[in-house]
file protein.cif (mmCIF, C-alpha atoms and all ligand atoms)
data_model
#
loop_
_atom_site.label_atom_id
_atom_site.label_comp_id
_atom_site.auth_asym_id
_atom_site.auth_seq_id
_atom_site.Cartn_x
_atom_site.Cartn_y
_atom_site.Cartn_z
CA MET A 1 -7.98 14.92 -15.46
CA LEU A 2 -6.04 17.49 -17.47
CA ASN A 3 -6.23 21.11 -16.39
CA GLN A 4 -6.59 22.09 -20.02
CA GLU A 5 -7.58 25.71 -19.52
CA VAL A 6 -4.64 26.38 -17.18
CA ILE A 7 -2.24 24.58 -19.52
CA LEU A 8 -3.30 26.60 -22.56
CA GLN A 9 -3.00 29.81 -20.59
CA GLN A 10 0.52 28.97 -19.34
CA ALA A 11 1.56 27.96 -22.86
CA GLN A 12 1.17 31.58 -23.85
CA THR A 13 4.22 32.34 -21.69
CA HIS A 14 6.23 29.10 -21.72
CA ASP A 15 7.32 26.87 -24.61
CA SER A 16 7.54 23.92 -22.25
CA PHE A 17 6.63 23.39 -18.62
CA TYR A 18 5.65 20.93 -15.95
CA LEU A 19 2.41 21.61 -14.10
CA TYR A 20 2.06 19.92 -10.68
CA ASP A 21 -1.46 19.81 -9.31
CA GLU A 22 -1.75 20.30 -5.56
CA THR A 23 -5.27 18.85 -5.43
CA ARG A 24 -4.01 15.57 -6.85
CA ILE A 25 -1.11 15.38 -4.37
CA LEU A 26 -3.51 16.04 -1.50
CA GLU A 27 -5.86 13.31 -2.71
CA ASN A 28 -3.09 10.72 -3.07
CA THR A 29 -1.36 11.46 0.22
CA ARG A 30 -4.67 11.56 2.15
CA GLN A 31 -5.72 8.27 0.58
CA LEU A 32 -2.50 6.56 1.71
CA LYS A 33 -2.83 7.90 5.24
CA GLU A 34 -6.42 6.69 5.47
CA GLU A 35 -5.68 3.27 4.06
CA PHE A 36 -2.54 2.65 6.14
CA PRO A 37 -3.36 3.91 9.65
CA GLY A 38 -0.48 3.60 12.08
CA VAL A 39 2.13 3.77 9.31
CA GLN A 40 4.54 6.71 9.08
CA PHE A 41 4.93 7.58 5.40
CA LEU A 42 8.19 8.97 4.09
CA TYR A 43 8.33 10.98 0.90
CA SER A 44 11.10 9.85 -1.47
CA VAL A 45 12.27 13.35 -2.29
CA LYS A 46 14.35 12.25 -5.27
CA ALA A 47 11.11 11.69 -7.22
CA ASN A 48 10.39 15.41 -7.23
CA PRO A 49 12.25 17.80 -4.92
CA TYR A 50 10.71 21.08 -6.09
CA PRO A 51 9.93 23.12 -2.96
CA ALA A 52 6.20 23.64 -3.60
CA VAL A 53 5.72 19.91 -4.17
CA LEU A 54 7.86 18.95 -1.18
CA ARG A 55 6.01 21.36 1.13
CA CYS A 56 2.66 20.06 0.00
CA VAL A 57 3.59 16.41 0.75
CA LEU A 58 5.32 17.16 4.07
CA ASN A 59 2.33 19.23 5.21
CA GLN A 60 0.34 16.02 5.00
CA GLY A 61 2.46 14.54 7.78
CA PHE A 62 4.93 12.68 5.60
CA GLY A 63 8.53 12.40 6.73
CA VAL A 64 11.51 12.38 4.36
CA ASP A 65 13.15 9.40 2.66
CA ALA A 66 16.43 11.15 1.93
CA ALA A 67 18.79 9.78 -0.71
CA SER A 68 21.46 12.44 -0.19
CA LEU A 69 22.70 14.92 2.38
CA ALA A 70 20.95 17.70 0.43
CA GLU A 71 17.63 15.87 0.89
CA VAL A 72 18.37 15.44 4.61
CA ARG A 73 18.80 19.22 4.74
CA MET A 74 15.45 19.72 2.98
CA GLY A 75 13.76 17.68 5.72
CA GLN A 76 15.65 19.57 8.40
CA LYS A 77 14.69 22.90 6.88
CA ALA A 78 11.06 21.78 6.96
CA GLY A 79 11.40 21.32 10.71
CA LEU A 80 11.50 17.52 10.77
CA GLY A 81 13.42 15.64 13.44
CA LYS A 82 15.58 12.53 13.40
CA ALA A 83 12.63 10.14 13.54
CA GLU A 84 11.12 11.74 10.43
CA ILE A 85 14.22 11.90 8.23
CA LEU A 86 15.57 8.49 7.26
CA TYR A 87 18.74 8.80 5.23
CA SER A 88 19.38 5.74 3.13
CA ALA A 89 21.72 5.69 0.16
CA PRO A 90 24.71 3.66 -0.98
CA ALA A 91 28.23 5.10 -0.93
CA LYS A 92 27.91 8.01 1.48
CA THR A 93 30.95 10.23 1.96
CA ASP A 94 32.54 10.95 5.36
CA ARG A 95 31.07 14.43 5.19
CA ASP A 96 27.61 12.98 4.51
CA LEU A 97 27.88 10.83 7.65
CA GLN A 98 29.33 13.61 9.81
CA GLU A 99 26.64 16.10 8.88
CA ALA A 100 23.68 13.73 8.82
CA ILE A 101 24.29 11.71 11.96
CA GLY A 102 23.06 14.39 14.35
CA VAL A 103 19.99 15.45 12.40
CA SER A 104 18.60 12.30 10.75
CA THR A 105 18.36 8.57 11.25
CA VAL A 106 21.22 7.30 9.13
CA ILE A 107 20.67 3.91 7.52
CA ALA A 108 23.99 2.19 6.88
CA ASP A 109 24.22 0.63 3.46
CA SER A 110 27.27 -1.61 3.90
CA VAL A 111 29.28 -3.40 6.57
CA GLY A 112 32.01 -0.77 6.19
CA GLU A 113 29.52 2.05 6.64
CA VAL A 114 28.35 0.73 10.02
CA ASP A 115 32.00 0.74 11.12
CA ARG A 116 32.50 4.26 9.78
CA LEU A 117 29.39 5.47 11.60
CA GLN A 118 30.92 4.25 14.87
CA ASP A 119 34.10 6.23 14.06
CA VAL A 120 32.15 9.36 13.11
CA ALA A 121 29.98 9.21 16.25
CA ALA A 122 33.08 8.68 18.42
CA GLN A 123 34.85 11.65 16.79
CA LEU A 124 31.80 13.83 17.39
CA GLY A 125 31.53 12.52 20.95
CA ILE A 126 27.91 11.45 20.51
CA HIS A 127 25.85 8.29 20.65
CA ALA A 128 23.58 7.60 17.67
CA GLU A 129 20.80 5.14 16.98
CA ILE A 130 21.15 3.94 13.40
CA GLY A 131 19.44 1.61 10.98
CA VAL A 132 20.87 -0.89 8.54
CA ARG A 133 19.57 -1.48 5.05
CA LEU A 134 19.28 -5.21 4.55
CA ASN A 135 19.51 -7.24 1.40
CA PRO A 136 17.23 -9.99 2.68
CA ASN A 137 17.26 -13.70 2.06
CA PHE A 138 14.24 -13.35 -0.21
CA THR A 139 12.83 -11.38 -3.12
CA TYR A 140 9.20 -10.55 -3.94
CA THR A 141 8.82 -13.90 -5.66
CA GLU A 142 11.51 -16.24 -4.30
CA ASP A 143 12.72 -17.37 -0.91
CA VAL A 144 16.39 -16.94 -1.71
CA GLY A 145 18.43 -13.74 -1.68
CA ILE A 146 20.15 -12.17 -4.67
CA SER A 147 23.38 -10.23 -4.99
CA ALA A 148 22.76 -6.47 -4.82
CA LYS A 149 24.55 -3.15 -4.73
CA PHE A 150 22.19 -2.07 -1.97
CA GLY A 151 22.31 -2.93 1.69
CA VAL A 152 23.99 -5.63 3.77
CA ASP A 153 23.25 -9.27 2.97
CA GLU A 154 21.13 -10.69 5.76
CA GLU A 155 23.70 -13.37 6.65
CA GLN A 156 26.51 -10.77 6.77
CA PHE A 157 24.37 -8.74 9.14
CA TYR A 158 24.11 -11.63 11.63
CA GLU A 159 27.86 -12.40 11.27
CA ASN A 160 28.84 -8.82 12.10
CA LEU A 161 26.21 -8.14 14.72
CA PRO A 162 28.16 -9.32 17.80
CA ARG A 163 30.94 -6.87 16.89
CA TRP A 164 28.49 -4.04 16.19
CA LYS A 165 26.61 -4.66 19.44
CA ALA A 166 29.83 -4.05 21.34
CA MET A 167 30.35 -0.63 19.75
CA GLU A 168 30.08 2.26 22.17
CA ASN A 169 28.84 5.13 20.07
CA ILE A 170 26.18 3.51 17.90
CA THR A 171 23.21 1.21 18.47
CA ILE A 172 21.39 -0.51 15.65
CA THR A 173 17.72 0.02 16.32
CA GLY A 174 16.06 -0.41 12.95
CA ILE A 175 16.12 -1.98 9.51
CA HIS A 176 15.28 -0.88 6.00
CA ALA A 177 14.72 -2.77 2.76
CA HIS A 178 13.56 -1.80 -0.69
CA LEU A 179 13.58 -4.43 -3.39
CA HIS A 180 12.05 -2.73 -6.39
CA SER A 181 9.82 0.07 -7.64
CA GLN A 182 6.71 0.35 -9.83
CA GLU A 183 5.19 -2.95 -8.70
CA MET A 184 1.56 -3.18 -9.87
CA ASP A 185 0.63 -6.40 -8.07
CA ALA A 186 -0.62 -5.56 -4.56
CA HIS A 187 -0.81 -9.27 -3.67
CA LEU A 188 2.89 -9.71 -4.39
CA MET A 189 3.68 -6.64 -2.30
CA ALA A 190 1.53 -7.93 0.57
CA ALA A 191 3.50 -11.19 0.46
CA TYR A 192 6.71 -9.11 0.60
CA TYR A 193 5.40 -7.24 3.65
CA GLY A 194 4.67 -10.61 5.30
CA LYS A 195 8.27 -11.70 4.72
CA MET A 196 9.51 -8.38 6.09
CA PHE A 197 7.62 -8.78 9.36
CA LYS A 198 9.21 -12.22 9.81
CA LEU A 199 12.60 -10.69 9.02
CA ALA A 200 11.98 -8.02 11.67
CA GLN A 201 11.36 -10.78 14.21
CA ARG A 202 14.61 -12.55 13.26
CA VAL A 203 16.55 -9.30 13.52
CA GLN A 204 15.00 -8.41 16.88
CA GLU A 205 15.95 -11.81 18.24
CA ALA A 206 19.51 -11.34 17.02
CA LEU A 207 19.68 -7.82 18.49
CA GLY A 208 18.41 -9.10 21.83
CA ALA A 209 16.59 -5.78 22.21
CA PRO A 210 13.35 -4.33 20.89
CA LEU A 211 13.50 -3.38 17.21
CA LYS A 212 12.47 0.26 17.17
CA PHE A 213 11.66 0.62 13.50
CA MET A 214 11.22 -1.20 10.24
CA ASN A 215 11.18 0.70 6.95
CA LEU A 216 9.39 -1.43 4.36
CA GLY A 217 10.69 0.74 1.51
CA SER A 218 8.61 1.59 -1.51
CA GLY A 219 7.27 -0.46 -4.41
CA MET A 220 3.72 0.81 -5.03
CA GLY A 221 3.37 1.57 -8.71
CA ILE A 222 1.14 3.98 -10.57
CA ASN A 223 -0.87 3.46 -13.74
CA PHE A 224 1.00 5.56 -16.26
CA THR A 225 -1.77 5.25 -18.83
CA GLU A 226 -5.51 4.75 -18.62
CA ARG A 227 -4.93 1.33 -20.18
CA MET A 228 -3.26 0.15 -16.97
CA GLN A 229 -5.20 -0.85 -13.85
CA PRO A 230 -4.44 1.33 -10.80
CA PHE A 231 -2.47 -0.23 -7.94
CA ASP A 232 -4.78 -1.77 -5.33
CA THR A 233 -3.81 0.35 -2.31
CA PRO A 234 -6.98 -0.60 -0.35
CA TYR A 235 -5.92 -4.26 -0.46
CA LEU A 236 -2.31 -3.54 0.50
CA GLY A 237 -3.47 -1.23 3.29
CA LYS A 238 -5.75 -3.96 4.65
CA GLU A 239 -2.89 -6.47 4.57
CA ALA A 240 -0.52 -4.01 6.26
CA ARG A 241 -3.06 -3.48 9.05
CA ARG A 242 -3.54 -7.24 9.41
CA LEU A 243 0.23 -7.82 9.69
CA MET A 244 0.69 -4.97 12.17
CA GLU A 245 -2.05 -6.50 14.33
CA GLN A 246 -0.65 -10.03 13.97
CA PHE A 247 2.88 -9.00 14.96
CA ARG A 248 1.90 -6.43 17.59
CA SER A 249 2.87 -8.57 20.57
CA ALA A 250 6.04 -9.90 18.91
CA LEU A 251 7.22 -6.44 17.77
CA PRO A 252 5.64 -4.13 20.36
CA GLN A 253 8.02 -1.20 19.85
CA THR A 254 8.51 -1.41 16.10
CA LYS A 255 7.42 1.72 14.26
CA ILE A 256 6.51 0.99 10.64
CA TYR A 257 7.63 3.28 7.83
CA ILE A 258 6.66 3.07 4.17
CA GLU A 259 8.40 5.13 1.51
CA THR A 260 6.84 6.49 -1.62
CA GLY A 261 7.77 9.03 -4.21
CA ARG A 262 5.80 8.19 -7.28
CA TYR A 263 2.52 7.28 -5.57
CA ALA A 264 2.42 10.62 -3.80
CA VAL A 265 3.26 12.86 -6.75
CA GLY A 266 3.63 10.86 -9.98
CA LYS A 267 0.10 11.40 -11.20
CA SER A 268 0.04 15.04 -10.18
CA GLY A 269 2.39 16.24 -12.92
CA THR A 270 1.71 17.00 -16.57
CA TYR A 271 4.44 17.77 -19.04
CA CYS A 272 3.43 20.34 -21.62
CA THR A 273 5.38 21.29 -24.71
CA LYS A 274 4.64 23.43 -27.75
CA VAL A 275 5.04 22.73 -31.44
CA LEU A 276 7.96 24.88 -32.64
CA ASP A 277 8.13 23.69 -36.23
CA LYS A 278 6.67 21.22 -38.68
CA LYS A 279 8.18 19.79 -41.83
CA VAL A 280 7.86 17.01 -44.37
CA SER A 281 10.87 14.99 -45.46
CA ARG A 282 10.49 12.46 -48.22
CA GLY A 283 6.92 11.72 -47.36
CA LYS A 284 7.32 11.66 -43.57
CA THR A 285 5.84 14.46 -41.44
CA TYR A 286 7.88 15.72 -38.48
CA VAL A 287 6.35 17.79 -35.68
CA LEU A 288 9.15 19.42 -33.69
CA LEU A 289 8.48 20.15 -30.05
CA ALA A 290 10.22 22.21 -27.39
CA ASN A 291 12.37 20.27 -24.88
CA THR A 292 11.79 16.65 -25.73
CA LEU A 293 14.62 14.38 -24.52
CA ASN A 294 16.03 17.40 -22.66
CA GLY A 295 12.71 18.22 -20.97
CA PHE A 296 10.93 14.93 -20.33
CA MET A 297 13.12 11.95 -21.09
CA ARG A 298 10.69 9.09 -20.47
CA PRO A 299 9.11 8.96 -23.96
CA SER A 300 12.52 9.17 -25.68
CA THR A 301 13.82 6.29 -23.58
CA ALA A 302 10.85 4.20 -24.66
CA VAL A 303 11.51 4.97 -28.35
CA MET A 304 15.18 4.07 -27.85
CA MET A 305 14.24 0.79 -26.20
CA SER A 306 11.77 -0.10 -28.92
CA LYS A 307 14.36 0.56 -31.62
CA TYR A 308 16.93 -1.69 -30.02
CA MET A 309 14.81 -4.34 -28.39
CA GLN A 310 11.60 -4.53 -30.39
CA ASP A 311 10.16 -6.49 -27.50
CA PRO A 312 6.82 -5.12 -26.28
CA THR A 313 7.16 -7.15 -23.08
CA ALA A 314 10.56 -5.63 -22.18
CA PRO A 315 10.68 -5.42 -18.37
CA SER A 316 10.80 -2.01 -16.75
CA TRP A 317 14.03 -0.59 -15.39
CA GLU A 318 12.95 2.21 -13.13
CA PRO A 319 13.06 5.10 -13.12
CA MET A 320 14.53 5.34 -16.61
CA PHE A 321 12.25 2.91 -18.43
CA THR A 322 8.75 1.75 -17.55
CA GLY A 323 7.48 0.18 -20.76
CA LEU A 324 7.15 0.81 -24.47
CA ASP A 325 3.67 2.28 -24.31
CA THR A 326 3.55 4.12 -21.03
CA VAL A 327 3.23 7.78 -22.02
CA ASP A 328 -0.06 9.20 -23.25
CA ILE A 329 0.48 11.95 -25.83
CA LEU A 330 -2.43 14.35 -25.85
CA PRO A 331 -2.49 17.18 -28.40
CA LEU A 332 -4.66 19.97 -27.04
CA THR A 333 -6.20 20.77 -30.40
CA ASP A 334 -9.38 19.85 -32.09
CA ARG A 335 -9.13 20.45 -35.81
CA GLY A 336 -11.19 17.36 -36.50
CA GLU A 337 -8.51 15.87 -38.76
CA LYS A 338 -5.90 13.25 -38.03
CA GLU A 339 -2.40 12.88 -39.34
CA THR A 340 0.43 10.36 -38.99
CA VAL A 341 3.47 12.16 -37.63
CA THR A 342 6.82 11.68 -35.95
CA LEU A 343 7.26 13.82 -32.84
CA ALA A 344 10.83 14.97 -32.27
CA GLY A 345 12.72 17.84 -30.67
CA SER A 346 15.28 20.53 -31.30
CA LEU A 347 18.45 18.77 -30.09
CA CYS A 348 21.27 18.00 -32.51
CA THR A 349 20.70 14.27 -32.13
CA GLY A 350 18.31 11.86 -33.69
CA THR A 351 17.62 10.34 -30.28
CA ASP A 352 15.27 13.06 -29.09
CA LEU A 353 12.29 11.29 -30.52
CA VAL A 354 9.02 11.28 -28.59
CA ALA A 355 7.09 8.96 -30.89
CA GLU A 356 7.43 7.70 -34.43
CA ASP A 357 4.68 7.43 -37.00
CA ILE A 358 1.74 7.88 -34.70
CA CYS A 359 -1.71 9.01 -35.69
CA LEU A 360 -2.73 12.18 -33.82
CA PRO A 361 -5.11 15.09 -34.30
CA ARG A 362 -3.41 17.45 -36.76
CA LEU A 363 -0.82 19.65 -35.04
CA GLU A 364 0.43 23.02 -36.20
CA ARG A 365 3.08 25.45 -34.96
CA GLY A 366 2.08 26.93 -31.58
CA ASP A 367 -0.16 23.99 -30.58
CA VAL A 368 0.35 22.34 -27.21
CA VAL A 369 0.96 18.66 -26.49
CA ALA A 370 0.37 17.39 -22.95
CA MET A 371 1.81 14.23 -21.39
CA PRO A 372 0.19 13.31 -18.08
CA ASN A 373 1.61 11.32 -15.14
CA ALA A 374 4.91 13.19 -15.26
CA GLY A 375 5.15 14.20 -11.60
CA ALA A 376 7.87 11.75 -10.51
CA TYR A 377 11.28 10.89 -12.01
CA ALA A 378 10.44 13.13 -14.96
CA ALA A 379 12.12 16.55 -14.71
CA VAL A 380 14.82 15.21 -12.35
CA VAL A 381 16.07 12.50 -14.68
CA SER A 382 15.99 14.53 -17.91
CA PRO A 383 19.27 15.95 -19.28
CA MET A 384 18.22 19.60 -19.25
CA GLN A 385 21.71 20.99 -19.76
CA PHE A 386 21.87 19.36 -23.19
CA ALA A 387 22.58 22.13 -25.74
CA SER A 388 22.01 24.79 -23.07
CA LEU A 389 18.43 25.29 -24.17
CA VAL A 390 15.97 27.06 -21.88
CA PRO A 391 14.68 24.29 -19.59
CA PRO A 392 10.96 23.72 -18.98
CA ALA A 393 9.36 25.91 -16.33
CA GLN A 394 8.31 24.17 -13.11
CA LEU A 395 4.81 25.30 -12.19
CA PHE A 396 2.55 24.42 -9.28
CA LEU A 397 -1.23 24.71 -9.48
CA THR A 398 -2.53 25.42 -5.99
CA LYS A 399 -5.82 24.00 -4.79
CA ASP A 400 -7.22 27.54 -5.11
CA GLY A 401 -6.40 27.63 -8.79
CA GLN A 402 -3.30 29.87 -8.61
CA VAL A 403 -0.27 28.98 -10.72
CA VAL A 404 2.97 29.59 -8.82
CA ASP A 405 6.64 28.82 -9.36
CA ALA A 406 7.27 25.29 -8.02
CA THR A 407 10.95 26.06 -7.43
CA ARG A 408 10.24 28.58 -4.66
C1 LIG B 501 15.35 2.90 -1.40
C2 LIG B 501 14.25 3.51 -2.18
N1 LIG B 501 13.20 3.97 -1.51
C3 LIG B 501 12.16 4.56 -2.17
C4 LIG B 501 12.18 4.71 -3.53
C5 LIG B 501 11.04 5.44 -4.15
O1 LIG B 501 10.34 4.68 -5.03
P1 LIG B 501 9.00 5.22 -5.64
O2 LIG B 501 9.18 6.62 -6.05
O3 LIG B 501 8.74 4.31 -6.76
O4 LIG B 501 7.94 5.15 -4.58
C6 LIG B 501 13.26 4.23 -4.27
C7 LIG B 501 13.28 4.37 -5.72
O5 LIG B 501 14.19 4.06 -6.42
C8 LIG B 501 14.33 3.62 -3.58
O6 LIG B 501 15.40 3.16 -4.23
#

call {"tool": "encode", "arguments": {"input": "protein.cif", "output": "structure tokens"}}
result
Amino acid sequence: MLNQEVILQQAQTHDSFYLYDETRILENTRQLKEEFPGVQFLYSVKANPYPAVLRCVLNQGFGVDAASLAEVRMGQKAGLGKAEILYSAPAKTDRDLQEAIGVSTVIADSVGEVDRLQDVAAQLGIHAEIGVRLNPNFTYTEDVGISAKFGVDEEQFYENLPRWKAMENITITGIHAHLHSQEMDAHLMAAYYGKMFKLAQRVQEALGAPLKFMNLGSGMGINFTERMQPFDTPYLGKEARRLMEQFRSALPQTKIYIETGRYAVGKSGTYCTKVLDKKVSRGKTYVLLANTLNGFMRPSTAVMMSKYMQDPTAPSWEPMFTGLDTVDILPLTDRGEKETVTLAGSLCTGTDLVAEDICLPRLERGDVVAMPNAGAYAAVVSPMQFASLVPPAQLFLTKDGQVVDATR
């Protein structure tokens, strides 16, 4: 549901802006909590770190899935403790480890990082419980592991464990895995959860001590257009409850975490941009919008992919590319006439195309175009410094209908 009235009003002040809808975030986060009782959700801050959005999600009882020290700090500033800030990212610096170890649960991403965590904890004179991100011996679809930049291969974990268990300043108490994002098949994800619970049992046996937590990672996708079916969270929630019940006696102390960025906030955001100019060149009509590639990159990436691949079934590569037809372009005009146009932007590059030769209601200078489902991996992955143009405003629509600055 577009907040058309609010969008048109804000367009009087801003040439381009994101509008994040609190009501939608509250609906999505409440729904997850109801459907997955007993699970501690973690918000993947990288999806959308704007303070108003972050506060709204954390106020729903979500913890923080931090992908950087800065995101750890955001959780800390919100008053969260170590059990609610899980810091998992590849290639952390020494400073990252030193500053995060006392205030978050650090998830080691490599064999070397576990060793460095022992050194850091010893230097600080503390003992820390840590997790390890695993690259398991399975994928969503296969029962063999793949090579990955992320985590520690499961077999390497078992090889190193005797050494790690003897370390004085750290204890491995939990595991994390995340295999991919934007999965739309809840059955496949439920099968993945099943494999993860078995993995937790194997790890616990190897630890010889109760596994205190398992972070199942993310994966839940969102329907970016009305043509896509929504992800079946009720089914996945039911399966998660069934697995938690089934493994309760085997994993009595294991707290279950699930991460999500896009499911919490992806559908809450709308990108809005105004027509700045319109021209015809050799029979082709161009509508030029404010902040295209440099405001909301997703549509431009899709055009780029279609030019080079011309394969409508091209697999997604999140969060930069979801599919060729995954952004709805909604002109907020009603002149009753249609026109075939190419939507482009003001950058000095031909790559800032939003869509080529599409039939839309006729657009004129000053009109507004809205693109829904732009709440996650939208503003944060767009090259806003390009040409030093004024970036889109970040606005937050409160549940009481007030529009406030999302960056405060
Ligand atoms: C480790 C990890 N956790 C969580 C997420 C968040 O995924 P999403 O926003 O799709 O829920 C990602 C996304 O890349 C990730 O890499």

call {"tool": "closest_residue", "arguments": {"input": "protein.cif", "among": "A:Leu26, A:Val6, A:Val53, A:Ala387", "to": "Lys399 (chain A)", "atoms": "all atoms listed in the file"}}
result
A:Leu26

call {"tool": "closest_atom_pairs", "arguments": {"input": "protein.cif", "of": "region 140-170 of chain A", "to": "region 175-196 of chain A", "cutoff": "10 Å", "atoms": "all atoms listed in the file", "output": "CSV"}}
result
residue,atom,partner,partner_atom,distance
A:Tyr140,CA,A:Tyr192,CA,5.4
A:Thr141,CA,A:Leu188,CA,7.4
A:Glu142,CA,A:Tyr192,CA,9.9
A:Asp143,CA,A:Lys195,CA,9.1
A:Ala148,CA,A:Leu179,CA,9.5
A:Phe150,CA,A:His178,CA,8.7
A:Gly151,CA,A:Ala177,CA,7.7
A:Val152,CA,A:Ala177,CA,9.8

call {"tool": "closest_atom_pairs", "arguments": {"input": "protein.cif", "of": "chain A", "to": "ligand LIG 501 (chain B)", "cutoff": "7 Å", "atoms": "only C-alpha atoms and all ligand atoms", "output": "CSV"}}
result
residue,atom,partner,partner_atom,distance
A:Ser44,CA,B:LIG501,C5,5.2
A:Ala47,CA,B:LIG501,O2,5.5
A:Asp65,CA,B:LIG501,N1,6.8
A:Ser88,CA,B:LIG501,C1,6.7
A:His178,CA,B:LIG501,C1,5.1
A:Ser181,CA,B:LIG501,O3,4.5
A:Gln182,CA,B:LIG501,O3,5.4
A:Gly217,CA,B:LIG501,N1,5.1
A:Ser218,CA,B:LIG501,C3,4.7
A:Gly219,CA,B:LIG501,O3,5.5
A:Met220,CA,B:LIG501,O4,6.1
A:Gly221,CA,B:LIG501,O3,6.3
A:Glu259,CA,B:LIG501,C3,5.3
A:Thr260,CA,B:LIG501,O4,3.4
A:Gly261,CA,B:LIG501,O2,3.3
A:Arg262,CA,B:LIG501,O2,3.9
A:Tyr263,CA,B:LIG501,O4,5.9
A:Pro319,CA,B:LIG501,O5,6.9
A:Ala376,CA,B:LIG501,O2,6.9

call {"tool": "atom_distance", "arguments": {"input": "protein.cif", "atom1": "CA of Lys238 (chain A)", "atom2": "CA of Lys82 (chain A)"}}
result
28.3 Å

call {"tool": "closest_residue", "arguments": {"input": "protein.cif", "among": "A:Tyr377, A:Phe17, A:Phe213, A:Tyr257", "to": "Phe396 (chain A)", "atoms": "only C-alpha atoms"}}
result
A:Phe17

call {"tool": "closest_atom_pairs", "arguments": {"input": "protein.cif", "of": "region 180-276 of chain A", "to": "region 340-346 of chain A", "cutoff": "12 Å", "atoms": "all atoms listed in the file", "output": "CSV"}}
result
residue,atom,partner,partner_atom,distance
A:Thr273,CA,A:Gly345,CA,10.1
A:Lys274,CA,A:Gly345,CA,10.2
A:Val275,CA,A:Gly345,CA,9.1
A:Leu276,CA,A:Ser346,CA,8.6

call {"tool": "residues_around", "arguments": {"input": "protein.cif", "residues": "Leu161 (chain A)", "least_positions_apart": "2", "cutoff": "10 Å", "atoms": "all atoms listed in the file", "output": "JSON, numbers by chain"}}
result
{"A": [111, 155, 156, 157, 158, 159, 163, 164, 165, 166, 167, 172, 203, 206, 207]}

call {"tool": "write_last_selection", "arguments": {"input": "protein.cif", "atoms": "C-alpha atoms", "output": "PDB file, keeping the file's coordinate frame"}}
result
ATOM      1  CA  VAL A 111      29.280  -3.400   6.570  1.00  0.00           C
ATOM      2  CA  GLU A 155      23.700 -13.370   6.650  1.00  0.00           C
ATOM      3  CA  GLN A 156      26.510 -10.770   6.770  1.00  0.00           C
ATOM      4  CA  PHE A 157      24.370  -8.740   9.140  1.00  0.00           C
ATOM      5  CA  TYR A 158      24.110 -11.630  11.630  1.00  0.00           C
ATOM      6  CA  GLU A 159      27.860 -12.400  11.270  1.00  0.00           C
ATOM      7  CA  ARG A 163      30.940  -6.870  16.890  1.00  0.00           C
ATOM      8  CA  TRP A 164      28.490  -4.040  16.190  1.00  0.00           C
ATOM      9  CA  LYS A 165      26.610  -4.660  19.440  1.00  0.00           C
ATOM     10  CA  ALA A 166      29.830  -4.050  21.340  1.00  0.00           C
ATOM     11  CA  MET A 167      30.350  -0.630  19.750  1.00  0.00           C
ATOM     12  CA  ILE A 172      21.390  -0.510  15.650  1.00  0.00           C
ATOM     13  CA  VAL A 203      16.550  -9.300  13.520  1.00  0.00           C
ATOM     14  CA  ALA A 206      19.510 -11.340  17.020  1.00  0.00           C
ATOM     15  CA  LEU A 207      19.680  -7.820  18.490  1.00  0.00           C
TER      16      LEU A 207
END

call {"tool": "atom_distance", "arguments": {"input": "protein.cif", "atom1": "CA of Pro392 (chain A)", "atom2": "CA of Ser16 (chain A)"}}
result
4.7 Å

call {"tool": "residues_around", "arguments": {"input": "protein.cif", "residues": "Leu58 (chain A)", "least_positions_apart": "4", "cutoff": "10 Å", "atoms": "only C-alpha atoms", "output": "PDB file with C-alpha atoms, in the frame of the given file"}}
result
ATOM      1  CA  THR A  29      -1.360  11.460   0.220  1.00  0.00           C
ATOM      2  CA  PHE A  41       4.930   7.580   5.400  1.00  0.00           C
ATOM      3  CA  LEU A  42       8.190   8.970   4.090  1.00  0.00           C
ATOM      4  CA  TYR A  43       8.330  10.980   0.900  1.00  0.00           C
ATOM      5  CA  VAL A  53       5.720  19.910  -4.170  1.00  0.00           C
ATOM      6  CA  LEU A  54       7.860  18.950  -1.180  1.00  0.00           C
ATOM      7  CA  PHE A  62       4.930  12.680   5.600  1.00  0.00           C
ATOM      8  CA  GLY A  63       8.530  12.400   6.730  1.00  0.00           C
ATOM      9  CA  VAL A  64      11.510  12.380   4.360  1.00  0.00           C
ATOM     10  CA  GLY A  75      13.760  17.680   5.720  1.00  0.00           C
ATOM     11  CA  ALA A  78      11.060  21.780   6.960  1.00  0.00           C
ATOM     12  CA  GLY A  79      11.400  21.320  10.710  1.00  0.00           C
ATOM     13  CA  LEU A  80      11.500  17.520  10.770  1.00  0.00           C
TER      14      LEU A  80
END

call {"tool": "atom_distance", "arguments": {"input": "protein.cif", "atom1": "CA of Leu389 (chain A)", "atom2": "CA of Asp277 (chain A)"}}
result
15.9 Å

call {"tool": "axis_aligned_box", "arguments": {"input": "protein.cif", "around": "region 19-27 of chain A", "padding_each_side": "6 Å", "output": "lines of an AutoDock Vina configuration file"}}
result
center_x = -1.7
center_y = 17.5
center_z = -7.8
size_x = 20.3
size_y = 20.3
size_z = 24.6

call {"tool": "residues_around", "arguments": {"input": "protein.cif", "residues": "region 306-314 of chain A", "least_positions_apart": "6", "cutoff": "9 Å", "atoms": "only C-alpha atoms", "output": "list in words"}}
result
Thr322, Gly323, Leu324 and Asp325 of chain A

call {"tool": "residues_near_point", "arguments": {"input": "protein.cif", "point": "(27.5, 8.1, 15.7)", "cutoff": "10 Å", "atoms": "only C-alpha atoms", "output": "number ranges by chain"}}
result
A: 97-98, 100-102, 106, 114-130, 168-171
